[in-house]
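As stored in work_26.tsv (TSV, C-alpha atoms):
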chain	number	residue	atom	x	y	z
A	1	MET	CA	16.60	16.23	-2.98
A	2	GLY	CA	13.72	18.70	-2.80
A	3	SER	CA	11.48	16.83	-5.22
A	4	ALA	CA	12.13	13.52	-3.43
A	5	ALA	CA	11.18	15.13	-0.12
A	6	GLY	CA	8.01	16.53	-1.69
A	7	LEU	CA	7.03	13.15	-3.11
A	8	LEU	CA	7.67	11.52	0.26
A	9	ARG	CA	5.47	14.07	2.03
A	10	THR	CA	2.72	13.66	-0.58
A	11	ALA	CA	2.76	9.86	-0.25
A	12	THR	CA	2.66	10.21	3.53
A	13	TYR	CA	-0.41	12.44	3.37
A	14	LEU	CA	-2.18	10.17	0.88
A	15	GLY	CA	-1.45	7.12	3.04
A	16	ALA	CA	-2.76	8.85	6.14
A	17	MET	CA	-5.98	9.83	4.35
A	18	ALA	CA	-6.46	6.29	3.02
A	19	ALA	CA	-5.86	4.81	6.47
A	20	SER	CA	-8.35	7.13	8.15
A	21	ALA	CA	-10.92	6.39	5.43
A	22	ALA	CA	-10.46	2.65	5.97
A	23	ASP	CA	-10.82	3.11	9.74
A	24	ALA	CA	-14.02	5.08	9.25
A	25	ALA	CA	-15.39	2.44	6.88
A	26	PHE	CA	-14.70	-0.54	9.12
A	27	PHE	CA	-15.28	1.00	12.54
A	28	THR	CA	-18.62	2.70	11.88
A	29	HIS	CA	-20.12	1.80	15.29
A	30	GLY	CA	-16.91	1.97	17.32
A	31	ALA	CA	-13.82	-0.18	17.56
A	32	ASP	CA	-14.90	-3.80	17.84
A	33	THR	CA	-13.48	-7.21	17.00
A	34	GLY	CA	-15.57	-7.65	13.86
A	35	GLY	CA	-14.40	-4.36	12.41
A	36	LEU	CA	-10.81	-5.24	13.22
A	37	HIS	CA	-11.13	-8.56	11.41
A	38	HIS	CA	-12.65	-6.89	8.36
A	39	LEU	CA	-9.90	-4.27	8.37
A	40	ALA	CA	-7.28	-7.04	8.55
A	41	LEU	CA	-8.84	-8.79	5.54
A	42	PHE	CA	-8.88	-5.49	3.65
A	43	MET	CA	-5.20	-4.94	4.44
A	44	LEU	CA	-4.37	-8.52	3.43
A	45	ALA	CA	-6.09	-7.98	0.07
A	46	GLY	CA	-4.07	-4.79	-0.45
A	47	ALA	CA	-0.85	-6.59	0.42
A	48	VAL	CA	-1.66	-9.37	-2.06
A	49	LEU	CA	-2.32	-6.80	-4.79
A	50	LEU	CA	0.99	-5.05	-4.11
A	51	LEU	CA	2.84	-8.38	-4.08
A	52	ALA	CA	1.24	-9.33	-7.41
A	53	ALA	CA	2.22	-5.96	-8.92
A	54	THR	CA	5.80	-6.50	-7.74
A	55	LEU	CA	5.99	-10.02	-9.14
A	56	ILE	CA	4.55	-8.93	-12.49
A	57	ASP	CA	7.01	-6.02	-12.91
A	58	ARG	CA	9.57	-7.34	-15.40
A	59	SER	CA	12.03	-4.51	-14.78
A	60	LEU	CA	12.76	-5.92	-11.32
A	61	ARG	CA	14.14	-9.18	-12.75
A	62	GLN	CA	17.52	-7.62	-13.52
A	63	LEU	CA	20.09	-7.22	-10.78
A	64	THR	CA	21.78	-4.27	-12.49
A	65	PRO	CA	20.11	-1.49	-14.48
A	66	ARG	CA	20.51	-1.42	-18.25
A	67	LYS	CA	22.90	1.13	-19.70
A	68	ALA	CA	21.37	3.68	-22.01

So, in terms of structure tokens, how does the structure I just supplied come out?
Amino acid sequence: MGSAAGLLRTATYLGAMAASAADAAFFTHGADTGGLHHLALFMLAGAVLLLAATLIDRSLRQLTPRKA
């Protein structure tokens, strides 16, 4: 339980740092519509990459885990 909580907290911190870095990169001159559209395209590209990684993962094709 403790290691799972630590990994969750670490992933939360890394996600927050990545999100603030993306905001800083796309909103350099303030929050405007163009920056928001570029940020949305960036997030769409990330979502496509994560979807592709999920579809490629062969271990997810089984409904039940293999017995050792």

List the spatial neighbours of segment 42-45 of chain A as a PyMOL selection string - criterion: any atom at most 12 Å away, all atoms listed in the file, same-chain residues fewer than 2 positions off excluded.
chain A and resi 18-19+22-23+25-26+35-40+47-52

Output C-alpha atoms for every residue in that selection, as a CSV table (one decimal), in the frame of the given file.
chain,number,residue,atom,x,y,z
A,18,ALA,CA,-6.5,6.3,3.0
A,19,ALA,CA,-5.9,4.8,6.5
A,22,ALA,CA,-10.5,2.6,6.0
A,23,ASP,CA,-10.8,3.1,9.7
A,25,ALA,CA,-15.4,2.4,6.9
A,26,PHE,CA,-14.7,-0.5,9.1
A,35,GLY,CA,-14.4,-4.4,12.4
A,36,LEU,CA,-10.8,-5.2,13.2
A,37,HIS,CA,-11.1,-8.6,11.4
A,38,HIS,CA,-12.6,-6.9,8.4
A,39,LEU,CA,-9.9,-4.3,8.4
A,40,ALA,CA,-7.3,-7.0,8.6
A,47,ALA,CA,-0.8,-6.6,0.4
A,48,VAL,CA,-1.7,-9.4,-2.1
A,49,LEU,CA,-2.3,-6.8,-4.8
A,50,LEU,CA,1.0,-5.0,-4.1
A,51,LEU,CA,2.8,-8.4,-4.1
A,52,ALA,CA,1.2,-9.3,-7.4

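Between atom CA of Thr28 of chain A and atom CA of Leu41 of chain A lies a distance of 16.4 Å.
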
What separates atom CA of Ser3 of chain A and atom CA of Gly15 of chain A is a distance of 18.2 Å
